[in-house]
Amino acid sequence: MRASKALLAVPLALALAACGGGSDGGPNGDGGRKAAGKPVRGATVTVADSGLGSILVDGQGRTLYAFTKDKDTSGSCGTECIAVWPALTGSSPATAGRGVEAGLLRDERRPGGAVHVAYGDWPLYYYVGDDAAGDVNGQGLDGEWFAVSPDGKLVRTAP
């Protein structure tokens, strides 16, 4: 049993190491959370209560994160990083759900026509290690990934 857990941990550790090294110069991609790698139709950002307090989530309650290396709302998570931290994208502009300040919600066009959703100063991402709505397994990883509060600030508390 220990050997199988160790084998599962190795690919995740390698992926996280690739992500923490900064941008590889590639675009954010049009990945999104869908297994097929296609952007969702029109993403919805809303607020949910969690062990971290009130945080941004998508329409299905999945936690949204920000990357501290993103500057001026420009995504710096390159191709390898996106494999672990898929961008919240859509094929049309995002909508503000319950508790979201519509003035902080923005869409950034990416190559290929996808829209990367940003909130305040932060492009938004998922974490592949979150299996279900309400999971916050990406919180604080590498000291660079944090959930986002409804005021657009990073939530830096531990889960």
# chains A, B, ... in the order shown; residues from 1 in each chain; ligands from 1

call {"tool": "residues_around", "arguments": {"residues": "range 60-63 of chain A", "least_positions_apart": "3", "cutoff": "12 Å", "atoms": "only C-alpha atoms", "output": "count of residues only"}}
result
46

call {"tool": "closest_residue", "arguments": {"among": "A:Leu64, A:Leu154, A:Ala94, A:Ala83", "to": "His116 in chain A", "atoms": "only C-alpha atoms"}}
result
A:Ala94

call {"tool": "residues_around", "arguments": {"residues": "Gly152 in chain A", "least_positions_apart": "4", "cutoff": "9 Å", "atoms": "only C-alpha atoms", "output": "ChimeraX atom specification"}}
result
/A:56,101,104,119-122,148

call {"tool": "write_last_selection", "arguments": {"atoms": "all heavy atoms", "output": "compact mmCIF listing (two decimals), in the first residue's frame"}}
result
# COMPACT_ATOMS: atom_id res chain seq x y z
N LEU A 56 -13.90 32.28 -4.07
CA LEU A 56 -14.48 32.16 -5.40
C LEU A 56 -14.49 30.70 -5.83
O LEU A 56 -13.53 29.96 -5.61
CB LEU A 56 -13.67 32.96 -6.42
CG LEU A 56 -13.57 34.46 -6.21
CD1 LEU A 56 -12.79 35.10 -7.35
CD2 LEU A 56 -14.94 35.10 -6.07
N GLU A 101 -18.39 40.47 -7.15
CA GLU A 101 -18.45 41.86 -7.58
C GLU A 101 -18.23 41.89 -9.09
O GLU A 101 -17.11 41.65 -9.57
CB GLU A 101 -17.38 42.68 -6.87
CG GLU A 101 -17.63 42.84 -5.38
CD GLU A 101 -16.60 43.73 -4.73
OE1 GLU A 101 -16.20 44.76 -5.34
OE2 GLU A 101 -16.19 43.40 -3.61
N LEU A 104 -15.19 43.41 -10.75
CA LEU A 104 -13.87 42.78 -10.63
C LEU A 104 -13.69 41.61 -11.61
O LEU A 104 -12.58 41.14 -11.81
CB LEU A 104 -13.66 42.26 -9.20
CG LEU A 104 -13.55 43.31 -8.11
CD1 LEU A 104 -13.39 42.64 -6.74
CD2 LEU A 104 -12.38 44.25 -8.37
N TYR A 119 -10.21 37.80 -12.08
CA TYR A 119 -10.98 38.48 -11.04
C TYR A 119 -10.04 39.40 -10.29
O TYR A 119 -9.02 38.96 -9.76
CB TYR A 119 -11.60 37.46 -10.09
CG TYR A 119 -12.66 38.05 -9.17
CD1 TYR A 119 -13.94 38.29 -9.64
CD2 TYR A 119 -12.37 38.35 -7.86
CE1 TYR A 119 -14.92 38.82 -8.81
CE2 TYR A 119 -13.34 38.89 -7.01
CZ TYR A 119 -14.61 39.12 -7.50
OH TYR A 119 -15.58 39.64 -6.67
N GLY A 120 -10.36 40.68 -10.28
CA GLY A 120 -9.44 41.65 -9.68
C GLY A 120 -8.15 41.61 -10.49
O GLY A 120 -8.17 41.72 -11.71
N ASP A 121 -7.04 41.41 -9.83
CA ASP A 121 -5.74 41.36 -10.50
C ASP A 121 -5.34 39.96 -10.93
O ASP A 121 -4.23 39.77 -11.40
CB ASP A 121 -4.65 41.89 -9.55
CG ASP A 121 -4.82 43.36 -9.24
OD1 ASP A 121 -5.37 44.09 -10.09
OD2 ASP A 121 -4.41 43.78 -8.14
N TRP A 122 -6.20 38.97 -10.75
CA TRP A 122 -5.78 37.58 -10.87
C TRP A 122 -6.53 36.76 -11.92
O TRP A 122 -7.73 36.57 -11.82
CB TRP A 122 -5.98 36.89 -9.52
CG TRP A 122 -5.29 37.61 -8.42
CD1 TRP A 122 -5.87 38.37 -7.45
CD2 TRP A 122 -3.89 37.66 -8.17
NE1 TRP A 122 -4.91 38.89 -6.61
CE2 TRP A 122 -3.68 38.47 -7.04
CE3 TRP A 122 -2.78 37.10 -8.80
CZ2 TRP A 122 -2.42 38.73 -6.52
CZ3 TRP A 122 -1.53 37.36 -8.29
CH2 TRP A 122 -1.35 38.15 -7.16
N VAL A 148 -9.09 32.76 -3.90
CA VAL A 148 -9.35 34.19 -4.02
C VAL A 148 -10.63 34.53 -3.27
O VAL A 148 -11.64 33.84 -3.38
CB VAL A 148 -9.48 34.59 -5.51
CG1 VAL A 148 -9.70 36.10 -5.66
CG2 VAL A 148 -8.26 34.14 -6.30

call {"tool": "atom_distance", "arguments": {"atom1": "CA of Ser92 in chain A", "atom2": "CA of Arg110 in chain A"}}
result
11.8 Å

call {"tool": "atom_distance", "arguments": {"atom1": "CA of Gly42 in chain A", "atom2": "CA of Cys81 in chain A"}}
result
23.2 Å

call {"tool": "atom_distance", "arguments": {"atom1": "CA of Pro123 in chain A", "atom2": "CA of Ala158 in chain A"}}
result
21.1 Å
